[in-house]
Structure formats: structure tokens, C-alpha cells
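A.B. asks: entry37.pdb (PDB, C-alpha atoms) pasted underneath:
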```pdb
ATOM      1  CA  MET A   1      98.349 111.900  22.553
ATOM      2  CA  LYS A   2     101.406 112.903  20.504
ATOM      3  CA  LYS A   3      99.203 114.967  18.164
ATOM      4  CA  TYR A   4      97.612 116.646  21.161
ATOM      5  CA  ILE A   5     101.003 117.565  22.618
ATOM      6  CA  LEU A   6     102.247 118.787  19.246
ATOM      7  CA  SER A   7      99.135 120.979  18.895
ATOM      8  CA  ILE A   8      99.904 122.555  22.259
ATOM      9  CA  ILE A   9     103.494 123.234  21.158
ATOM     10  CA  VAL A  10     102.234 124.881  17.952
ATOM     11  CA  ILE A  11      99.797 127.076  19.931
ATOM     12  CA  ILE A  12     102.484 128.132  22.417
ATOM     13  CA  THR A  13     104.898 128.842  19.577
ATOM     14  CA  ILE A  14     102.270 131.035  17.896
ATOM     15  CA  ILE A  15     101.711 132.938  21.169
ATOM     16  CA  SER A  16     105.478 133.425  21.575
ATOM     17  CA  CYS A  17     105.827 134.655  18.002
ATOM     18  CA  SER A  18     102.844 137.023  18.456
ATOM     19  CA  THR A  19     104.609 138.727  21.369
ATOM     20  CA  LYS A  20     107.763 139.132  19.259
ATOM     21  CA  THR A  21     105.735 140.527  16.356
ATOM     22  CA  GLU A  22     104.186 143.110  18.673
ATOM     23  CA  THR A  23     107.643 144.115  19.915
ATOM     24  CA  LYS A  24     108.858 144.393  16.313
ATOM     25  CA  ILE A  25     105.929 146.663  15.414
ATOM     26  CA  ILE A  26     106.680 148.911  18.395
ATOM     27  CA  ALA A  27     110.345 149.049  17.365
ATOM     28  CA  ASP A  28     109.375 149.992  13.802
ATOM     29  CA  LYS A  29     107.312 152.892  15.106
ATOM     30  CA  LEU A  30     110.278 154.384  16.965
ATOM     31  CA  ASP A  31     111.229 157.847  15.892
ATOM     32  CA  ILE A  32     114.804 158.942  16.362
ATOM     33  CA  HIS A  33     113.963 160.554  19.683
ATOM     34  CA  GLN A  34     112.381 157.475  21.242
ATOM     35  CA  PHE A  35     114.965 155.283  22.821
ATOM     36  CA  GLY A  36     113.291 153.239  25.466
ATOM     37  CA  PHE A  37     110.248 152.079  27.348
ATOM     38  CA  ASN A  38     108.951 152.255  30.893
ATOM     39  CA  TYR A  39     107.712 149.268  32.809
ATOM     40  CA  ASP A  40     105.600 149.050  35.933
ATOM     41  CA  SER A  41     106.191 145.361  36.558
ATOM     42  CA  SER A  42     109.210 143.199  35.845
ATOM     43  CA  ALA A  43     111.526 140.686  37.478
ATOM     44  CA  ASN A  44     114.035 143.486  38.125
ATOM     45  CA  ILE A  45     111.404 145.601  39.895
ATOM     46  CA  ASP A  46     110.593 142.553  42.034
ATOM     47  CA  ALA A  47     114.323 142.183  42.802
ATOM     48  CA  VAL A  48     114.560 145.785  44.046
ATOM     49  CA  LYS A  49     111.425 145.277  46.166
ATOM     50  CA  ALA A  50     113.086 142.163  47.563
ATOM     51  CA  THR A  51     116.206 144.165  48.536
ATOM     52  CA  ASN A  52     113.901 146.468  50.515
ATOM     53  CA  LYS A  53     112.603 143.454  52.411
ATOM     54  CA  ASP A  54     116.180 142.231  52.941
ATOM     55  CA  LEU A  55     117.039 145.635  54.418
ATOM     56  CA  GLU A  56     114.103 145.420  56.809
ATOM     57  CA  ASN A  57     114.986 141.856  57.759
ATOM     58  CA  LEU A  58     118.710 142.742  57.988
ATOM     59  CA  ASP A  59     119.237 139.688  55.814
ATOM     60  CA  THR A  60     122.701 140.241  54.359
ATOM     61  CA  THR A  61     122.830 136.807  52.728
ATOM     62  CA  SER A  62     119.669 137.314  50.702
ATOM     63  CA  TYR A  63     120.531 140.972  49.976
ATOM     64  CA  LYS A  64     123.901 140.064  48.447
ATOM     65  CA  THR A  65     122.308 137.653  45.970
ATOM     66  CA  LYS A  66     120.657 140.559  44.127
ATOM     67  CA  PHE A  67     123.981 142.258  43.369
ATOM     68  CA  SER A  68     126.869 141.524  41.047
ATOM     69  CA  ASP A  69     130.177 140.896  42.887
ATOM     70  CA  THR A  70     131.566 144.012  41.200
ATOM     71  CA  VAL A  71     128.593 146.290  41.960
ATOM     72  CA  VAL A  72     129.424 149.973  42.498
ATOM     73  CA  PHE A  73     127.410 152.135  44.914
ATOM     74  CA  TYR A  74     127.457 155.866  44.148
ATOM     75  CA  ASP A  75     126.810 157.714  47.366
ATOM     76  CA  HIS A  76     127.391 161.442  47.853
ATOM     77  CA  GLU A  77     130.264 161.839  45.370
ATOM     78  CA  LYS A  78     131.935 158.627  46.534
ATOM     79  CA  ASN A  79     132.045 155.176  44.968
ATOM     80  CA  HIS A  80     131.820 152.086  47.131
ATOM     81  CA  ASN A  81     131.820 148.320  46.719
ATOM     82  CA  LEU A  82     129.616 145.576  48.108
ATOM     83  CA  ASN A  83     131.849 145.118  51.178
ATOM     84  CA  TRP A  84     131.272 148.768  52.077
ATOM     85  CA  ASN A  85     127.522 148.240  51.840
ATOM     86  CA  MET A  86     127.756 145.095  53.958
ATOM     87  CA  SER A  87     129.689 147.036  56.611
ATOM     88  CA  ILE A  88     126.758 149.466  56.859
ATOM     89  CA  PHE A  89     124.422 146.514  57.436
ATOM     90  CA  LYS A  90     126.730 145.227  60.166
ATOM     91  CA  ASN A  91     126.739 148.668  61.816
ATOM     92  CA  TRP A  92     122.939 148.696  61.889
ATOM     93  CA  ILE A  93     122.874 145.238  63.396
ATOM     94  CA  SER A  94     125.519 146.025  66.038
ATOM     95  CA  LYS A  95     123.762 149.248  67.017
ATOM     96  CA  LYS A  96     120.336 147.563  67.064
ATOM     97  CA  ILE A  97     119.013 149.873  64.349
ATOM     98  CA  GLN A  98     115.876 148.602  62.639
ATOM     99  CA  PRO A  99     115.232 149.926  59.104
ATOM    100  CA  LYS A 100     111.768 150.285  57.588
ATOM    101  CA  VAL A 101     111.259 151.013  53.886
ATOM    102  CA  THR A 102     108.064 152.556  52.519
ATOM    103  CA  VAL A 103     107.969 152.651  48.727
ATOM    104  CA  GLY A 104     106.326 155.746  47.230
ATOM    105  CA  ALA A 105     106.940 154.913  43.569
ATOM    106  CA  ILE A 106     108.859 152.263  41.654
ATOM    107  CA  TRP A 107     109.285 151.767  37.935
ATOM    108  CA  GLY A 108     111.650 150.330  35.352
ATOM    109  CA  SER A 109     113.159 151.729  32.168
ATOM    110  CA  LYS A 110     114.879 149.980  29.300
ATOM    111  CA  PHE A 111     117.020 152.000  26.936
ATOM    112  CA  ASN A 112     118.361 151.252  23.450
ATOM    113  CA  TYR A 113     121.451 153.375  22.944
ATOM    114  CA  LYS A 114     122.744 154.600  19.606
ATOM    115  CA  ASP A 115     125.843 152.406  19.847
ATOM    116  CA  GLY A 116     123.610 149.345  20.003
ATOM    117  CA  SER A 117     124.057 148.757  23.726
ATOM    118  CA  LYS A 118     121.102 148.504  26.077
ATOM    119  CA  GLY A 119     120.389 149.930  29.520
ATOM    120  CA  ASP A 120     118.144 148.326  32.075
ATOM    121  CA  TYR A 121     117.259 150.395  35.139
ATOM    122  CA  VAL A 122     114.832 150.393  38.072
ATOM    123  CA  TYR A 123     113.988 153.614  39.911
ATOM    124  CA  GLN A 124     112.381 153.930  43.304
ATOM    125  CA  ALA A 125     111.333 156.756  45.611
ATOM    126  CA  ILE A 126     111.193 155.606  49.206
ATOM    127  CA  LYS A 127     110.807 156.856  52.739
ATOM    128  CA  MET A 128     113.405 155.294  55.057
ATOM    129  CA  LYS A 129     112.712 155.056  58.767
ATOM    130  CA  PHE A 130     115.348 153.845  61.223
ATOM    131  CA  THR A 131     114.378 152.979  64.777
ATOM    132  CA  GLN A 132     116.767 152.414  67.671
ATOM    133  CA  GLY A 133     114.929 151.864  70.931
ATOM    134  CA  ILE A 134     112.746 154.934  71.463
ATOM    135  CA  LYS A 135     114.709 157.029  68.939
ATOM    136  CA  SER A 136     113.891 157.143  65.245
ATOM    137  CA  VAL A 137     114.861 159.135  62.156
ATOM    138  CA  GLU A 138     113.155 159.390  58.792
ATOM    139  CA  PHE A 139     114.301 160.611  55.413
ATOM    140  CA  ASP A 140     113.461 160.506  51.716
ATOM    141  CA  ASP A 141     115.625 158.511  49.342
ATOM    142  CA  PHE A 142     115.669 158.167  45.585
ATOM    143  CA  GLY A 143     117.498 155.149  44.221
ATOM    144  CA  VAL A 144     118.526 154.094  40.721
ATOM    145  CA  PHE A 145     119.525 150.480  40.082
ATOM    146  CA  GLU A 146     121.265 149.366  36.886
ATOM    147  CA  PHE A 147     120.805 145.697  36.012
ATOM    148  CA  LYS A 148     122.867 143.329  33.887
ATOM    149  CA  ASP A 149     121.993 139.656  33.552
ATOM    150  CA  GLY A 150     119.481 139.904  36.381
ATOM    151  CA  LYS A 151     121.921 141.407  38.906
ATOM    152  CA  ILE A 152     122.348 144.981  40.121
ATOM    153  CA  VAL A 153     125.670 146.275  38.774
ATOM    154  CA  ARG A 154     125.391 149.947  39.784
ATOM    155  CA  GLU A 155     123.290 151.777  42.362
ATOM    156  CA  TRP A 156     122.913 155.523  42.909
ATOM    157  CA  ASN A 157     121.166 157.150  45.869
ATOM    158  CA  TRP A 158     120.075 160.685  46.649
ATOM    159  CA  TYR A 159     119.284 161.285  50.326
ATOM    160  CA  GLU A 160     120.300 163.347  53.312
ATOM    161  CA  ALA A 161     123.353 161.479  54.583
ATOM    162  CA  THR A 162     123.566 163.100  58.012
ATOM    163  CA  LYS A 163     120.051 162.079  59.088
ATOM    164  CA  LEU A 164     121.236 158.702  60.369
ATOM    165  CA  LEU A 165     124.242 160.022  62.316
ATOM    166  CA  PRO A 166     122.433 160.487  65.682
ATOM    167  CA  LEU A 167     121.693 156.754  65.748
ATOM    168  CA  MET A 168     125.219 155.726  64.730
ATOM    169  CA  LYS A 169     126.948 157.327  67.758
TER     170      LYS A 169
ATOM    171  CA  MET B   1     109.631 110.895  23.529
ATOM    172  CA  LYS B   2     106.502 111.835  25.479
ATOM    173  CA  LYS B   3     108.654 112.921  28.440
ATOM    174  CA  LEU B   4     110.851 115.010  26.168
ATOM    175  CA  LEU B   5     107.841 116.725  24.636
ATOM    176  CA  LEU B   6     106.333 117.398  28.043
ATOM    177  CA  SER B   7     109.625 118.878  29.254
ATOM    178  CA  PHE B   8     109.651 121.109  26.186
ATOM    179  CA  ILE B   9     106.108 122.282  26.925
ATOM    180  CA  VAL B  10     106.984 123.066  30.544
ATOM    181  CA  MET B  11     110.039 125.045  29.391
ATOM    182  CA  LEU B  12     107.939 126.982  26.898
ATOM    183  CA  PHE B  13     105.302 127.780  29.524
ATOM    184  CA  VAL B  14     107.961 129.039  31.944
ATOM    185  CA  THR B  15     109.603 131.182  29.237
ATOM    186  CA  VAL B  16     106.298 132.673  28.070
ATOM    187  CA  SER B  17     105.154 133.316  31.649
ATOM    188  CA  PHE B  18     108.347 135.212  32.526
ATOM    189  CA  ALA B  19     108.326 137.113  29.242
ATOM    190  CA  GLN B  20     104.795 138.362  29.869
ATOM    191  CA  LYS B  21     105.551 139.437  33.451
ATOM    192  CA  GLU B  22     107.139 142.618  32.180
ATOM    193  CA  LYS B  23     104.426 145.195  31.592
ATOM    194  CA  LYS B  24     105.212 148.194  29.402
ATOM    195  CA  ASN B  25     103.583 151.432  30.512
ATOM    196  CA  GLY B  26     105.192 154.204  28.532
ATOM    197  CA  THR B  27     107.815 155.540  26.163
ATOM    198  CA  ILE B  28     111.123 157.288  26.847
ATOM    199  CA  TYR B  29     112.433 160.061  24.593
ATOM    200  CA  ILE B  30     116.028 161.270  24.419
ATOM    201  CA  ASN B  31     115.053 164.568  22.761
ATOM    202  CA  HIS B  32     111.822 166.452  23.409
ATOM    203  CA  PRO B  33     110.658 170.096  23.699
ATOM    204  CA  TYR B  34     109.856 169.494  27.376
ATOM    205  CA  ILE B  35     113.495 168.513  28.012
ATOM    206  CA  ASP B  36     114.454 171.832  26.398
ATOM    207  CA  ILE B  37     112.078 173.657  28.782
ATOM    208  CA  VAL B  38     113.686 172.055  31.852
ATOM    209  CA  ASN B  39     117.138 173.004  30.524
ATOM    210  CA  LYS B  40     115.981 176.584  29.823
ATOM    211  CA  ALA B  41     114.504 176.890  33.313
ATOM    212  CA  SER B  42     117.804 175.733  34.820
ATOM    213  CA  LYS B  43     119.729 178.210  32.660
ATOM    214  CA  ALA B  44     117.434 181.059  33.753
ATOM    215  CA  TYR B  45     118.022 180.085  37.403
ATOM    216  CA  VAL B  46     121.810 180.084  36.928
ATOM    217  CA  ASN B  47     121.563 183.473  35.180
ATOM    218  CA  GLN B  48     119.611 184.736  38.218
ATOM    219  CA  ASP B  49     116.651 185.576  35.985
ATOM    220  CA  LEU B  50     113.776 184.291  38.088
ATOM    221  CA  ASN B  51     111.256 186.338  36.049
ATOM    222  CA  LEU B  52     112.192 184.248  33.023
ATOM    223  CA  TRP B  53     112.458 181.077  35.150
ATOM    224  CA  LYS B  54     108.857 181.334  36.343
ATOM    225  CA  THR B  55     107.520 181.603  32.770
ATOM    226  CA  TYR B  56     108.297 177.905  32.328
ATOM    227  CA  TYR B  57     105.959 177.005  35.186
ATOM    228  CA  SER B  58     102.188 177.105  35.523
ATOM    229  CA  ASP B  59     100.966 179.761  37.990
ATOM    230  CA  THR B  60      99.648 176.933  40.156
ATOM    231  CA  ALA B  61     102.862 174.867  39.965
ATOM    232  CA  LYS B  62     103.698 172.894  43.106
ATOM    233  CA  PHE B  63     107.148 172.015  44.405
ATOM    234  CA  TRP B  64     108.424 169.212  46.607
ATOM    235  CA  VAL B  65     111.971 168.828  47.863
ATOM    236  CA  SER B  66     113.182 165.809  49.823
ATOM    237  CA  ASP B  67     113.292 166.382  53.595
ATOM    238  CA  ILE B  68     112.268 170.016  53.281
ATOM    239  CA  ASN B  69     109.012 171.636  54.467
ATOM    240  CA  SER B  70     108.016 168.446  56.312
ATOM    241  CA  GLY B  71     107.339 166.684  53.039
ATOM    242  CA  LYS B  72     104.639 169.200  52.067
ATOM    243  CA  TRP B  73     104.324 170.708  48.611
ATOM    244  CA  PHE B  74     104.863 174.455  48.332
ATOM    245  CA  PRO B  75     103.749 177.017  45.718
ATOM    246  CA  LEU B  76     105.685 178.925  43.016
ATOM    247  CA  THR B  77     105.991 182.070  45.164
ATOM    248  CA  GLU B  78     107.757 180.157  47.943
ATOM    249  CA  SER B  79     110.023 178.458  45.436
ATOM    250  CA  ILE B  80     111.078 181.846  44.045
ATOM    251  CA  THR B  81     111.835 183.066  47.581
ATOM    252  CA  GLY B  82     113.956 179.965  48.223
ATOM    253  CA  LEU B  83     115.891 180.259  44.954
ATOM    254  CA  ALA B  84     116.591 183.964  45.568
ATOM    255  CA  LEU B  85     118.220 182.971  48.877
ATOM    256  CA  ASP B  86     120.759 180.901  46.919
ATOM    257  CA  TYR B  87     122.039 184.082  45.234
ATOM    258  CA  LYS B  88     122.107 185.905  48.572
ATOM    259  CA  PHE B  89     124.270 183.296  50.287
ATOM    260  CA  TYR B  90     126.290 181.859  47.389
ATOM    261  CA  ASP B  91     128.440 183.209  44.568
ATOM    262  CA  ASN B  92     129.004 181.510  41.247
ATOM    263  CA  VAL B  93     125.805 179.454  41.515
ATOM    264  CA  LYS B  94     125.850 176.739  38.862
ATOM    265  CA  SER B  95     123.627 173.855  37.886
ATOM    266  CA  THR B  96     125.550 171.394  35.748
ATOM    267  CA  GLN B  97     123.718 168.577  34.013
ATOM    268  CA  VAL B  98     124.931 165.085  34.888
ATOM    269  CA  GLY B  99     124.328 162.371  32.295
ATOM    270  CA  TYR B 100     121.377 163.269  30.102
ATOM    271  CA  PRO B 101     117.712 163.917  30.856
ATOM    272  CA  ASP B 102     114.849 161.629  29.786
ATOM    273  CA  TYR B 103     111.306 162.508  28.821
ATOM    274  CA  LEU B 104     108.877 159.840  30.042
ATOM    275  CA  GLN B 105     105.426 159.641  28.506
ATOM    276  CA  TYR B 106     103.295 157.323  30.588
ATOM    277  CA  ASP B 107     100.267 155.508  29.195
ATOM    278  CA  LYS B 108      98.580 155.734  32.584
ATOM    279  CA  ASP B 109      96.893 159.150  32.972
ATOM    280  CA  ASN B 110      98.966 160.268  29.946
ATOM    281  CA  SER B 111     101.558 161.704  32.358
ATOM    282  CA  ARG B 112     104.436 163.690  30.856
ATOM    283  CA  ILE B 113     107.542 163.796  33.012
ATOM    284  CA  VAL B 114     111.122 164.931  32.436
ATOM    285  CA  GLN B 115     113.689 163.364  34.748
ATOM    286  CA  SER B 116     117.009 165.148  34.901
ATOM    287  CA  TRP B 117     120.209 164.829  36.903
ATOM    288  CA  TRP B 118     122.195 167.806  38.147
ATOM    289  CA  LEU B 119     125.193 168.916  40.154
ATOM    290  CA  TRP B 120     124.377 172.160  41.964
ATOM    291  CA  SER B 121     127.376 174.164  43.112
ATOM    292  CA  GLY B 122     127.986 177.524  44.731
ATOM    293  CA  ILE B 123     130.736 179.350  46.642
ATOM    294  CA  SER B 124     129.588 180.241  50.148
ATOM    295  CA  LYS B 125     129.832 183.991  50.711
ATOM    296  CA  LYS B 126     130.332 183.260  54.400
ATOM    297  CA  THR B 127     133.082 180.632  54.272
ATOM    298  CA  GLY B 128     134.427 180.915  50.716
ATOM    299  CA  LYS B 129     134.074 177.147  50.369
ATOM    300  CA  GLU B 130     132.399 175.485  47.434
ATOM    301  CA  LEU B 131     129.314 173.424  48.168
ATOM    302  CA  LYS B 132     128.333 170.655  45.722
ATOM    303  CA  ILE B 133     124.962 168.939  45.746
ATOM    304  CA  TYR B 134     123.948 166.099  43.440
ATOM    305  CA  MET B 135     120.254 166.302  42.541
ATOM    306  CA  VAL B 136     117.616 164.357  40.667
ATOM    307  CA  GLN B 137     114.623 166.327  39.454
ATOM    308  CA  PHE B 138     111.219 165.288  38.086
ATOM    309  CA  ASP B 139     109.157 167.866  36.187
ATOM    310  CA  THR B 140     105.562 167.064  35.288
ATOM    311  CA  PHE B 141     104.043 168.992  32.383
ATOM    312  CA  ASN B 142     100.466 169.967  31.515
ATOM    313  CA  THR B 143      99.084 169.926  27.968
ATOM    314  CA  ALA B 144     100.047 173.596  27.551
ATOM    315  CA  GLY B 145     103.723 172.675  27.994
ATOM    316  CA  LYS B 146     104.069 174.285  31.422
ATOM    317  CA  ILE B 147     105.634 172.600  34.444
ATOM    318  CA  VAL B 148     102.906 171.889  36.991
ATOM    319  CA  LYS B 149     104.868 169.787  39.477
ATOM    320  CA  GLU B 150     108.544 169.626  40.366
ATOM    321  CA  GLU B 151     110.014 167.034  42.733
ATOM    322  CA  THR B 152     113.679 167.151  43.721
ATOM    323  CA  TYR B 153     115.753 164.624  45.658
ATOM    324  CA  ALA B 154     119.088 165.728  47.122
ATOM    325  CA  ASP B 155     120.941 166.376  50.335
ATOM    326  CA  PHE B 156     120.255 170.096  50.821
ATOM    327  CA  SER B 157     121.038 170.058  54.567
ATOM    328  CA  LYS B 158     124.253 172.143  54.344
ATOM    329  CA  GLN B 159     122.717 174.645  51.929
ATOM    330  CA  MET B 160     119.561 175.074  54.003
ATOM    331  CA  ALA B 161     121.554 175.417  57.220
ATOM    332  CA  GLU B 162     123.701 178.142  55.649
ATOM    333  CA  GLU B 163     120.688 179.982  54.269
ATOM    334  CA  GLY B 164     118.921 179.627  57.614
ATOM    335  CA  THR B 165     115.687 178.888  55.880
ATOM    336  CA  SER B 166     112.664 177.950  57.964
ATOM    337  CA  GLN B 167     111.806 175.411  55.270
ATOM    338  CA  TYR B 168     114.534 173.126  56.559
ATOM    339  CA  ASN B 169     112.967 170.327  58.507
ATOM    340  CA  ASN B 170     115.340 168.800  61.033
TER     341      ASN B 170
END
```
For this file, produce the structure as C-alpha cells.

C.D. replies:
Amino acid sequence: MKKYILSIIVIITIISCSTKTETKIIADKLDIHQFGFNYDSSANIDAVKATNKDLENLDTTSYKTKFSDTVVFYDHEKNHNLNWNMSIFKNWISKKIQPKVTVGAIWGSKFNYKDGSKGDYVYQAIKMKFTQGIKSVEFDDFGVFEFKDGKIVREWNWYEATKLLPLMK
Amino acid sequence: MKKLLLSFIVMLFVTVSFAQKEKKNGTIYINHPYIDIVNKASKAYVNQDLNLWKTYYSDTAKFWVSDINSGKWFPLTESITGLALDYKFYDNVKSTQVGYPDYLQYDKDNSRIVQSWWLWSGISKKTGKELKIYMVQFDTFNTAGKIVKEETYADFSKQMAEEGTSQYNN
């Protein structure tokens, strides 16, 4: 039995090492102008998809778990903190505004900077729809999410800010 | 001992499973001729040289701008008309790069895309006030090195309202 278990460990170790070898080969092939890779599936991409669901469910508790306590939101030339974002959630809830997120495209990028630091980002293009009774508004949004240690530390958004105003009155 | 070994195996399985969840699909370049083309096109626009600007695009290039034209793509000719309106309604039109652009070469369909970040600014001829618009732009290239698709996300509502363009979709 012990031999059997040890054999499994050896096999798994070989598989793990194979993955690292492949990564090493890719790194060796880098020319000076290559500095990162794109991903179409990752835990961070899943986390951003989960924030979309949290938005739709107006689940502030679950939403907050995806962000670092010191996260910064960059929104139309202004920087905001997590409390600011939570206040927006509360406004939606108090005004009975129901968000709906439709993802057009989502991908991840990992960068290796010259100074040795690394960047880990997820990008998504979405259509946001907000419904309040019989009224609804729709707009396009592009979001960039920077991750560190599995949490979003910075988020940027490009969208038409005034679209939601009629529902916020 | 058996329990310890089994725990180790479980840990290894979990680690390997999570490690393999990430699926690479392309390479990012910090310098590339296509990045230079996007920068040149922006420079031509700022210099109000739309004849030069259009040389960086395929004749059949399509454009998409967030919340404009009801989400429909529009052709090069309409884009030129829209850009010319910027000069008509704004002085000192600038397009300043924010951060640095990336060239993304995707394995799937061998797509070639430059993503770039900009701050558009102009002084309204009507009000004298400066308007600033943060933009993110995606330019897709064909094998001949021409831009075939351009998608832009930004809040253009104030600019479109000032220019009175029919493209603005309320």
C-alpha cells in the first residue's frame, strides 16, 4: 500500500514539474518586447464573474469578499474606496433598482515588469441594465480589475455616468 | 503515516487542479509595430490630418463606440465625419496617452489587438471650458497591418451633446 501511495506521489510530482518546465520554456522564448500572457480562464476571472452575480443579487456581503480593504475605484477622474462603492449598492437597494449584467467579453492578463514586479489584471466588457419598476436604462461598461493575493486592489471603469441618474431621483 | 501520505496526496491534487485551471491563450507585447500605428493614428487625429489618419485603417474598417449609434458598428466615412466635428466644436484637441498600450496576440483565431488608454481633451468653442474624457480603445489589425476594427469605451455624452450629433443615442 505504501509503495502504491509513493508511486502516486512520484507521478503527481512529475506532472507538477512538467508544468513548471513548460512555463520555463515559454519564459526562455520571451523576447524583450514580450512581457506577459493572456488567459481566458482563471480563478481571478471567476472572481470577477462572481462580483457580477453579487451585483445582480445586491449581495453586499459576498461582493465585499472579492476586494481588498484598501481597494481603490477609479471612476470618471475620481478615486473612491470600498465604502463609497457600498453606498452605491445601498442607493440601488433603497430605490428598488435591480441591476442586470451581461458579459460581452472577459479575459485576464499577467505582466512581468522590467523592475521584477508582476501585474495581474482581469478585463471585462459588459452591458449594464438597471430596472426600476417599469423604467429601465442600459449602458456599456468596460472594467479593469487589478488583483493581488486573490483580491481586487484596484478597479477602473469606463461608462456613461449620467445614464443612471433618471433612476436615482 | 498512511494518513499523512494521503493528506499529502490530497494537497498535491488540489494544488495541481488549481494550477491547471488557468488557461493561457495569448502573448502580450510592450513594444510592437502595431502599437506604433495606433500612436501614429492618434497623432494624425490631433494634428487634424484625417487624410493621414485614414491611411492606418483598412477601407472596410468598422468602428464601435460605447452608447453611440445604438450599439451598431459604423464605417470609416462616418468616423471621419464624426472626428471632423471635434475640430469644429473644440479648440486645442488633444489625445494624451495614459499608462502604456499593450499589443495582444491571441492564439484563438490569431487575433491581433492593441489596447490603449487615452485622455481626450478639448476647449469648447461655445463655452470656453475644457472637456476631458478618459477612453479605452481596442484596435484589431489584419495581416496587412491595417486597423480593421476599432472599439472605444468612454463617456462621450457631453461631447456628443455639444456637437449635436445624431449618432448620440439617448

A.B. asks: Select, as a list of chain:residue names, those residues of chain B with any atom no more than 7 Å from chain A (distances computed using all atoms listed in the file).

C.D. replies: B:Ile9, B:Val16, B:Lys21, B:Glu22, B:Lys23, B:Lys24, B:Asn25, B:Gly26, B:Thr27, B:Ile28, B:Tyr29, B:Ile30, B:Asn31, B:Ser66, B:Asp67, B:Met135, B:Tyr153, B:Ala154, B:Asp155, B:Ser157

A.B. asks: Given the PyMOL selection byres ((chain B and resi 46) around 10) and the file above, list the residues it selects as a list in words.

C.D. replies: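 The output of the PyMOL selection byres ((chain B and resi 46) around 10) on this file is Lys40, Ala41, Ser42, Lys43, Ala44, Tyr45, Asn47, Gln48, Asp49, Leu50, Trp53, Leu83, Tyr87, Asn92, Val93, Lys94, Ser95, Thr96 and Trp120 of chain B.
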
A.B. asks: I need the residue set behind the PyMOL selection byres ((chain B and resi 115) around 10) for this file; please write it as a list in words.

C.D. replies: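 When the PyMOL selection byres ((chain B and resi 115) around 10) is applied to the shown file, the picked residues are Ile35, Val38, Tyr100, Pro101, Asp102, Tyr103, Leu104, Ile113, Val114, Ser116, Trp117, Val136, Gln137, Phe138, Asp139, Thr140, Glu150, Glu151 and Thr152 of chain B.
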
A.B. asks: Env of Val72 (chain A): 6 Å cut, atoms = only C-alpha atoms, seq-sep filter 4 positions within chain, self excluded. Answer as number ranges by chain.

C.D. replies: A: 80-81, 154

A.B. asks: Please evaluate the PyMOL selection byres ((chain A and resi 99) around 10) against the displayed coordinates and give the resulting residues as a ChimeraX atom specification.

C.D. replies: /A:52-58,89,92-93,96-98,100-101,128-132,136-138

A.B. asks: Find the residues with any atom within 12 Å of (105.4, 182.9, 37.9); use all atoms listed in the file and the coordinates as given in the file, and write the answer as a list of chain:residue names.

C.D. replies: B:Ala41, B:Asp49, B:Leu50, B:Asn51, B:Leu52, B:Trp53, B:Lys54, B:Thr55, B:Tyr56, B:Tyr57, B:Ser58, B:Asp59, B:Thr60, B:Ala61, B:Lys62, B:Pro75, B:Leu76, B:Thr77, B:Glu78, B:Ser79, B:Ile80, B:Thr81, B:Lys146, B:Ile147, B:Val148

A.B. asks: Counting only C-alpha atoms, what is within 12 Å of Val71 (chain A), bar same-chain residues fewer than 5 positions away, as a list of chain:residue names?

C.D. replies: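 Once the nearby chain positions are removed, what remains is A:Lys64, A:Thr65, A:Lys66, A:Asn79, A:His80, A:Asn81, A:Leu82, A:Asn83, A:Trp84, A:Asn85, A:Phe145, A:Glu146, A:Phe147, A:Lys148, A:Lys151, A:Ile152, A:Val153, A:Arg154, A:Glu155, A:Trp156.
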
A.B. asks: CA of Met86 (chain A) to CA of Val103 (chain A): how many Å, to one decimal?

C.D. replies: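 Interatomic distance here is 21.8 Å.
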
A.B. asks: May I ask which of the residues B:Gln105, B:Phe74, B:Trp118, B:Lys149 is the closest one to His32 (chain B), counting only C-alpha atoms?

C.D. replies: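 Answer, going by the shortest atom-to-atom distance: B:Gln105.
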
A.B. asks: Work out how far apart CA of Ile133 (chain B) and CA of Val122 (chain A) are and give it in Å to one decimal.

C.D. replies: 22.5 Å

A.B. asks: Please measure the separation of CA of Lys125 (chain B) and CA of Thr165 (chain B), giving the value in Å to one decimal.

C.D. replies: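 Answer for the CA of Lys125 (chain B) to CA of Thr165 (chain B) separation: 15.9 Å.
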
A.B. asks: Padding of 3 Å on every side, edges along x, y and z, all listed atoms of region 153-165 of chain A included: what centre and edge lengths in Å, to one decimal, does that box have, as JSON?

C.D. replies:
```
{"center_x": 122.5, "center_y": 154.8, "center_z": 50.5, "size_x": 12.4, "size_y": 23.1, "size_z": 29.5}
```

A.B. asks: Which is closest to Asp149 (chain A) among A:Lys78, A:Lys118, A:Lys169, A:Lys135, if we use only C-alpha atoms?

C.D. replies: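 Nearest candidate to Asp149 (chain A) out of A:Lys78, A:Lys118, A:Lys169, A:Lys135: A:Lys118.
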
A.B. asks: Given all atoms listed in the file as the basis, pick out the residue of B:Ala84, B:Ile37, B:Ala144, B:Val65 nearest to Glu163 (chain B).

C.D. replies: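 The shortest atom-to-atom distance to Glu163 (chain B) comes from B:Ala84.
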